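K.L.:
Provided herewith is a single structure, encoded as structure tokens, for subsequent inquiry.
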Amino acid sequence: MNFITIGVLGTLMVLGLSGALITTITDSADTDFFINWAGTFFMCATPFQIMMAVVWKHEYPNVLKKMSTPIEGLTLTLLFLLAGCIITPVLIFTVGQGSLTPILIHYIIQSVGLSLLVIIVFDCWPIRQFTSNPLLLGLGTLLYCYILDFILFSIFYDYSFMSSAPFYTESLNPNGLFNAITSLSFAVTAVAFVMVLIMFEMWPVPQIAKGGNQPLFGFIATLLILLLSGLTYYLFVELLKIEPMEYMVRGPVCIIFGAFIVDNMMQFQLFSTLKQPLKGAAKMLVCLVCAGAMYELYEWILPYIAGEDLPSGPSTGYAKEAWIATAMLGITFPIINIVSGAFKFWPIKRLS
């Protein structure tokens, strides 16, 4: 099989596994449990999963190198779940002050995006300056991500508009500069542009940085990401007046999802004969098609799994938007990494 066939079959496997898992969780509990507890658990483990793939390259601990593919994949999946079992209660009883609230969930969502920025764009700077030990580098980078996330969260997120909600206490509110929904939707927009930059293989940052090392490379890339994010957010939310959460789910969330299909599921081989920026532009076009198709798929299947078509908008607590975002990035995203990274498309490649 060529990489496209493997990628398509792998994507179908991912969607099947995700659908089965989401349905099982919902049937065993309810939709609220799926959105809040299950989604949070998986998102808490996702930065660790990203670290395992990029920093450890699925080769640490060293015993993994001696394992066959399915055993290695199972071990990596168990490490992912173990990370969720450790990180979830730690965040609930520190940042969440003992409660799982939308405030904590927003912090956790931002931690996933920030881990992509620090690990991929900054190449684990500044932790890499102090150690090359894989254990210290990986875990130290994760700790740095969570601390940086807390600082940014405290500066930019304000939940005063939720003061009448039953979960709200003043001690939970960071009292930051912007309405939290604005901050969250902008942060997810920035993550989408991280994924776009990866599709462009960081072009044009190397040309601008002229081979500059970290942190210069990372800062230039971040400025570019923030500029593009600001322009995009202003266009869709301020000029076109699209509600921020609807914009976030229909746009950035789906683009992030599409980017992982274009790159991870296609084993980073799509349009390999093209040079940048044409290669990135071609990938971006496919990504947008995948993004639109995936939103339609998840919106269509929602009532069949949840048992009803959830309402959307701020007056209903963004139920529909939360379900689609959780299903896409909370559940399906880590399963993409498990199928393409941990299991290396086993057993599909074995059949080829």
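For the structure tokens, the naming scheme is as follows: chains receive sequential letters (A, B, ...) according to their order of presentation, residues are indexed from 1 within each chain, and ligands are indexed from 1 in presentation order.
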From a backbone DSSP assignment, name each residue in segment 81-301 of chain A labelled helix (DSSP H, G or I), as a PyMOL selection string.

P.N.:
chain A and resi 81-93+102-121+127-129+134-156+160-162+180-199+205-209+216-239+244-265+278-301

K.L.:
Can I get the selection written as a compact mmCIF listing (two decimals), in the first residue's frame, with C-alpha atoms?

P.N.:
```
# COMPACT_ATOMS: atom_id res chain seq x y z
CA LEU A 81 -3.39 6.69 30.26
CA LEU A 82 -1.08 6.63 33.30
CA ALA A 83 -0.16 10.25 32.58
CA GLY A 84 -3.86 11.12 32.55
CA CYS A 85 -4.37 9.37 35.88
CA ILE A 86 -1.56 11.44 37.44
CA ILE A 87 -1.98 14.84 35.78
CA THR A 88 -5.79 15.06 36.01
CA PRO A 89 -6.06 14.99 39.84
CA VAL A 90 -2.94 17.16 40.19
CA LEU A 91 -4.51 19.91 38.07
CA ILE A 92 -7.92 19.54 39.71
CA PHE A 93 -6.49 19.95 43.21
CA PRO A 102 -15.15 25.37 32.93
CA ILE A 103 -12.36 27.60 34.23
CA LEU A 104 -10.06 24.62 34.80
CA ILE A 105 -11.10 23.04 31.50
CA HIS A 106 -10.09 26.21 29.63
CA TYR A 107 -6.70 26.13 31.37
CA ILE A 108 -6.26 22.50 30.31
CA ILE A 109 -7.27 23.25 26.70
CA GLN A 110 -4.66 26.01 26.53
CA SER A 111 -2.02 23.68 27.99
CA VAL A 112 -2.36 21.38 24.97
CA GLY A 113 -1.75 24.21 22.52
CA LEU A 114 1.07 25.65 24.58
CA SER A 115 2.81 22.27 24.68
CA LEU A 116 2.78 22.21 20.86
CA LEU A 117 4.31 25.69 20.78
CA VAL A 118 7.03 24.99 23.35
CA ILE A 119 7.93 21.49 22.20
CA ILE A 120 7.79 21.97 18.42
CA VAL A 121 8.27 25.68 17.70
CA ILE A 127 14.78 23.41 29.30
CA ARG A 128 17.05 22.06 26.54
CA GLN A 129 19.67 24.63 27.59
CA PRO A 134 15.58 12.55 28.00
CA LEU A 135 13.71 12.03 31.27
CA LEU A 136 14.61 15.45 32.67
CA LEU A 137 14.14 17.16 29.31
CA GLY A 138 10.70 15.66 28.74
CA LEU A 139 9.25 16.07 32.21
CA GLY A 140 10.98 19.43 32.74
CA THR A 141 9.49 20.77 29.52
CA LEU A 142 6.01 19.64 30.57
CA LEU A 143 6.39 21.33 33.96
CA TYR A 144 7.55 24.50 32.23
CA CYS A 145 4.51 24.35 29.90
CA TYR A 146 2.09 24.12 32.81
CA ILE A 147 3.78 26.98 34.69
CA LEU A 148 3.82 29.18 31.57
CA ASP A 149 0.20 28.24 30.92
CA PHE A 150 -0.75 29.36 34.43
CA ILE A 151 1.03 32.69 33.97
CA LEU A 152 -0.66 33.40 30.62
CA PHE A 153 -4.00 32.19 31.98
CA SER A 154 -3.72 34.57 34.93
CA ILE A 155 -2.87 37.51 32.67
CA PHE A 156 -5.47 37.10 29.93
CA SER A 160 -16.55 37.84 35.79
CA PHE A 161 -19.32 37.20 33.26
CA MET A 162 -19.83 33.79 34.90
CA ALA A 180 -12.32 34.27 28.92
CA ILE A 181 -14.26 33.18 25.81
CA THR A 182 -12.37 35.78 23.77
CA SER A 183 -9.05 34.61 25.24
CA LEU A 184 -9.82 30.92 24.67
CA SER A 185 -10.98 31.34 21.08
CA PHE A 186 -7.92 33.48 20.29
CA ALA A 187 -5.60 30.92 21.95
CA VAL A 188 -7.07 28.08 19.88
CA THR A 189 -6.70 30.25 16.76
CA ALA A 190 -3.00 30.56 17.60
CA VAL A 191 -2.73 26.77 17.94
CA ALA A 192 -4.30 26.41 14.50
CA PHE A 193 -1.58 28.66 13.08
CA VAL A 194 1.08 26.56 14.84
CA MET A 195 -0.29 23.61 12.85
CA VAL A 196 -0.34 25.71 9.66
CA LEU A 197 3.30 26.66 10.26
CA ILE A 198 4.16 22.98 10.68
CA MET A 199 2.49 22.21 7.33
CA VAL A 205 10.71 31.67 9.73
CA PRO A 206 14.15 30.20 8.82
CA GLN A 207 14.51 32.83 6.08
CA ILE A 208 13.59 35.64 8.49
CA ALA A 209 15.71 34.30 11.35
CA LEU A 216 15.23 33.73 18.39
CA PHE A 217 13.65 31.20 16.02
CA GLY A 218 10.78 30.52 18.42
CA PHE A 219 10.12 34.20 19.13
CA ILE A 220 9.97 35.10 15.43
CA ALA A 221 7.63 32.16 14.77
CA THR A 222 5.45 33.17 17.73
CA LEU A 223 5.22 36.78 16.52
CA LEU A 224 4.14 35.52 13.10
CA ILE A 225 1.58 33.18 14.68
CA LEU A 226 0.17 35.98 16.86
CA LEU A 227 -0.01 38.38 13.91
CA LEU A 228 -1.88 35.91 11.71
CA SER A 229 -4.11 34.90 14.63
CA GLY A 230 -4.98 38.52 15.39
CA LEU A 231 -5.87 39.30 11.78
CA THR A 232 -7.95 36.14 11.44
CA TYR A 233 -9.77 36.66 14.72
CA TYR A 234 -10.50 40.30 13.88
CA LEU A 235 -11.88 39.35 10.46
CA PHE A 236 -14.24 36.60 11.59
CA VAL A 237 -15.26 37.76 15.07
CA GLU A 238 -15.07 41.55 14.91
CA LEU A 239 -15.90 42.27 11.26
CA PRO A 244 -16.44 33.49 19.26
CA MET A 245 -17.12 29.88 20.33
CA GLU A 246 -18.91 29.05 17.07
CA TYR A 247 -16.00 30.58 15.17
CA MET A 248 -13.51 28.63 17.30
CA VAL A 249 -15.13 25.24 16.71
CA ARG A 250 -16.02 25.69 13.04
CA GLY A 251 -12.65 27.28 12.24
CA PRO A 252 -9.51 26.73 14.34
CA VAL A 253 -10.61 23.46 16.01
CA CYS A 254 -11.43 21.89 12.63
CA ILE A 255 -8.24 23.23 11.04
CA ILE A 256 -6.15 21.68 13.84
CA PHE A 257 -7.99 18.40 13.28
CA GLY A 258 -7.52 18.65 9.51
CA ALA A 259 -3.81 19.37 9.90
CA PHE A 260 -3.28 16.15 11.84
CA ILE A 261 -5.02 14.21 9.08
CA VAL A 262 -2.90 15.90 6.40
CA ASP A 263 0.40 15.42 8.24
CA ASN A 264 0.24 12.62 10.83
CA MET A 265 -2.17 10.33 9.03
CA LEU A 278 3.77 25.68 -2.57
CA LYS A 279 3.89 22.45 -0.56
CA GLY A 280 2.36 24.15 2.47
CA ALA A 281 -0.30 25.85 0.36
CA ALA A 282 -1.30 22.51 -1.18
CA LYS A 283 -1.45 20.89 2.25
CA MET A 284 -3.48 23.81 3.57
CA LEU A 285 -6.04 23.37 0.80
CA VAL A 286 -6.49 19.68 1.65
CA CYS A 287 -6.57 20.58 5.33
CA LEU A 288 -9.46 23.01 4.78
CA VAL A 289 -11.41 20.36 2.86
CA CYS A 290 -10.82 17.85 5.67
CA ALA A 291 -11.75 20.48 8.27
CA GLY A 292 -15.10 21.20 6.63
CA ALA A 293 -15.86 17.52 6.08
CA MET A 294 -15.00 16.58 9.68
CA TYR A 295 -17.21 19.31 11.12
CA GLU A 296 -20.14 18.09 9.03
CA LEU A 297 -19.45 14.50 10.11
CA TYR A 298 -19.28 15.28 13.82
CA GLU A 299 -22.30 17.59 13.66
CA TRP A 300 -24.28 14.88 11.85
CA ILE A 301 -23.36 12.09 14.26
```

K.L.:
Using only C-alpha atoms, determine which residues lie at most 7 Å from Ile35 of chain A, disregarding the query and same-chain residues fewer than 2 positions distant; provide the list as a list in words.

P.N.:
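Those residues are Thr31, Asp32, Phe33, Trp37, Ala38, Gly39, Ala322, Trp323 and Thr326 of chain A.
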
K.L.:
Would you output that residue set with C-alpha atoms, as an mmCIF file, in the first residue's frame?

P.N.:
```cif
data_model
loop_
_atom_site.group_PDB
_atom_site.id
_atom_site.type_symbol
_atom_site.label_atom_id
_atom_site.label_comp_id
_atom_site.auth_asym_id
_atom_site.auth_seq_id
_atom_site.Cartn_x
_atom_site.Cartn_y
_atom_site.Cartn_z
ATOM 1 C CA THR A 31 -23.159 13.477 27.690
ATOM 2 C CA ASP A 32 -22.086 15.789 30.526
ATOM 3 C CA PHE A 33 -19.657 13.158 31.813
ATOM 4 C CA TRP A 37 -14.669 14.278 32.806
ATOM 5 C CA ALA A 38 -13.701 12.079 29.851
ATOM 6 C CA GLY A 39 -12.646 15.003 27.672
ATOM 7 C CA ALA A 322 -18.300 21.807 23.615
ATOM 8 C CA TRP A 323 -19.385 18.355 22.396
ATOM 9 C CA THR A 326 -14.309 17.496 22.872
#
```

K.L.:
Using only C-alpha atoms, pick whichever of A:Cys124, A:Ala319, A:Ala165, A:Leu302 has the shortest atom-to-atom distance to Gln214 of chain A.

P.N.:
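Nearest to Gln214 of chain A: A:Cys124.
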
K.L.:
Show which residues sit within 12 Å of Leu64 of chain A, as a list in words. Count only C-alpha atoms, and ignore same-chain residues fewer than 5 positions away.

P.N.:
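So the residues in contact are Met52, Trp56, Lys57, His58, Glu59, Thr69, Pro70, Ile71, Glu72, Gly73, Leu74, Thr75, Leu76, Leu79, Ala342 and Phe343 of chain A.
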
K.L.:
Can you write out the residues you just picked, keeping N, CA, C and O atoms, as a PDB file, in the first residue's frame?

P.N.:
```pdb
ATOM      1  N   MET A  52       6.038  12.590  24.424  1.00  0.00           N
ATOM      2  CA  MET A  52       6.544  11.254  24.108  1.00  0.00           C
ATOM      3  C   MET A  52       6.884  11.124  22.624  1.00  0.00           C
ATOM      4  O   MET A  52       7.884  10.507  22.246  1.00  0.00           O
ATOM      5  N   TRP A  56      10.763  12.329  23.095  1.00  0.00           N
ATOM      6  CA  TRP A  56      11.261  10.968  23.295  1.00  0.00           C
ATOM      7  C   TRP A  56      11.213  10.134  22.021  1.00  0.00           C
ATOM      8  O   TRP A  56      11.803   9.067  21.955  1.00  0.00           O
ATOM      9  N   LYS A  57      10.495  10.611  21.006  1.00  0.00           N
ATOM     10  CA  LYS A  57      10.369   9.927  19.712  1.00  0.00           C
ATOM     11  C   LYS A  57       9.908   8.472  19.864  1.00  0.00           C
ATOM     12  O   LYS A  57      10.288   7.593  19.100  1.00  0.00           O
ATOM     13  N   HIS A  58       9.113   8.244  20.890  1.00  0.00           N
ATOM     14  CA  HIS A  58       8.587   6.906  21.201  1.00  0.00           C
ATOM     15  C   HIS A  58       9.707   5.884  21.405  1.00  0.00           C
ATOM     16  O   HIS A  58       9.531   4.690  21.149  1.00  0.00           O
ATOM     17  N   GLU A  59      10.875   6.362  21.869  1.00  0.00           N
ATOM     18  CA  GLU A  59      12.025   5.467  22.080  1.00  0.00           C
ATOM     19  C   GLU A  59      12.503   5.479  23.524  1.00  0.00           C
ATOM     20  O   GLU A  59      13.529   4.882  23.853  1.00  0.00           O
ATOM     21  N   THR A  69       5.942  -4.119  17.447  1.00  0.00           N
ATOM     22  CA  THR A  69       5.080  -2.956  17.242  1.00  0.00           C
ATOM     23  C   THR A  69       3.797  -2.966  18.084  1.00  0.00           C
ATOM     24  O   THR A  69       3.511  -1.974  18.762  1.00  0.00           O
ATOM     25  N   PRO A  70       3.010  -4.059  18.086  1.00  0.00           N
ATOM     26  CA  PRO A  70       1.774  -3.963  18.881  1.00  0.00           C
ATOM     27  C   PRO A  70       2.031  -3.846  20.377  1.00  0.00           C
ATOM     28  O   PRO A  70       1.301  -3.134  21.077  1.00  0.00           O
ATOM     29  N   ILE A  71       3.065  -4.508  20.878  1.00  0.00           N
ATOM     30  CA  ILE A  71       3.380  -4.414  22.314  1.00  0.00           C
ATOM     31  C   ILE A  71       3.895  -3.019  22.646  1.00  0.00           C
ATOM     32  O   ILE A  71       3.534  -2.435  23.670  1.00  0.00           O
ATOM     33  N   GLU A  72       4.723  -2.483  21.754  1.00  0.00           N
ATOM     34  CA  GLU A  72       5.219  -1.119  21.950  1.00  0.00           C
ATOM     35  C   GLU A  72       4.058  -0.126  21.948  1.00  0.00           C
ATOM     36  O   GLU A  72       3.978   0.770  22.788  1.00  0.00           O
ATOM     37  N   GLY A  73       3.148  -0.291  20.996  1.00  0.00           N
ATOM     38  CA  GLY A  73       1.994   0.601  20.916  1.00  0.00           C
ATOM     39  C   GLY A  73       1.113   0.511  22.145  1.00  0.00           C
ATOM     40  O   GLY A  73       0.633   1.530  22.659  1.00  0.00           O
ATOM     41  N   LEU A  74       0.916  -0.693  22.629  1.00  0.00           N
ATOM     42  CA  LEU A  74       0.109  -0.882  23.833  1.00  0.00           C
ATOM     43  C   LEU A  74       0.796  -0.244  25.043  1.00  0.00           C
ATOM     44  O   LEU A  74       0.130   0.399  25.866  1.00  0.00           O
ATOM     45  N   THR A  75       2.116  -0.397  25.136  1.00  0.00           N
ATOM     46  CA  THR A  75       2.863   0.186  26.256  1.00  0.00           C
ATOM     47  C   THR A  75       2.772   1.711  26.230  1.00  0.00           C
ATOM     48  O   THR A  75       2.551   2.355  27.263  1.00  0.00           O
ATOM     49  N   LEU A  76       2.944   2.310  25.050  1.00  0.00           N
ATOM     50  CA  LEU A  76       2.845   3.759  24.917  1.00  0.00           C
ATOM     51  C   LEU A  76       1.440   4.258  25.252  1.00  0.00           C
ATOM     52  O   LEU A  76       1.275   5.316  25.863  1.00  0.00           O
ATOM     53  N   LEU A  79       1.121   4.225  28.963  1.00  0.00           N
ATOM     54  CA  LEU A  79       1.834   5.385  29.530  1.00  0.00           C
ATOM     55  C   LEU A  79       0.995   6.651  29.386  1.00  0.00           C
ATOM     56  O   LEU A  79       0.947   7.491  30.289  1.00  0.00           O
ATOM     57  N   ALA A 342       2.084   5.696  18.122  1.00  0.00           N
ATOM     58  CA  ALA A 342       2.376   4.584  19.042  1.00  0.00           C
ATOM     59  C   ALA A 342       2.350   3.238  18.321  1.00  0.00           C
ATOM     60  O   ALA A 342       3.261   2.411  18.495  1.00  0.00           O
ATOM     61  N   PHE A 343       1.318   3.005  17.512  1.00  0.00           N
ATOM     62  CA  PHE A 343       1.178   1.713  16.829  1.00  0.00           C
ATOM     63  C   PHE A 343       1.735   1.717  15.410  1.00  0.00           C
ATOM     64  O   PHE A 343       1.751   0.669  14.749  1.00  0.00           O
TER      65      PHE A 343
END
```

K.L.:
Which residue out of A:Phe200, A:Trp125, A:Phe48, A:Phe3 has the minimum interatomic distance to Asn337 of chain A when only C-alpha atoms are used?

P.N.:
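Selected residue with least distance to Asn337 of chain A: A:Phe48.
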
K.L.:
Smallest atom-to-atom distance to Val339 of chain A: which of A:Ala306, A:Val14, A:Ala325, A:Leu240, using only C-alpha atoms?

P.N.:
A:Val14

K.L.:
Determine, counting only C-alpha atoms, which protein, DNA and RNA residues have an atom within 9 Å of an atom of Ile22 of chain A; residues of the same chain fewer than 5 positions away are not included. Present the result as an NGL selection string.

P.N.:
:A and (17 or 27 or 34 or 38 or 305 or 327 or 331)

K.L.:
For each of A:Ile25, A:Leu100, A:Val54, A:Ile348, take the minimum atom-to-atom distance to Thr40 of chain A, counting only C-alpha atoms, then give the residue where this is smallest.

P.N.:
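Using only C-alpha atoms, Thr40 of chain A sits closest to A:Leu100.
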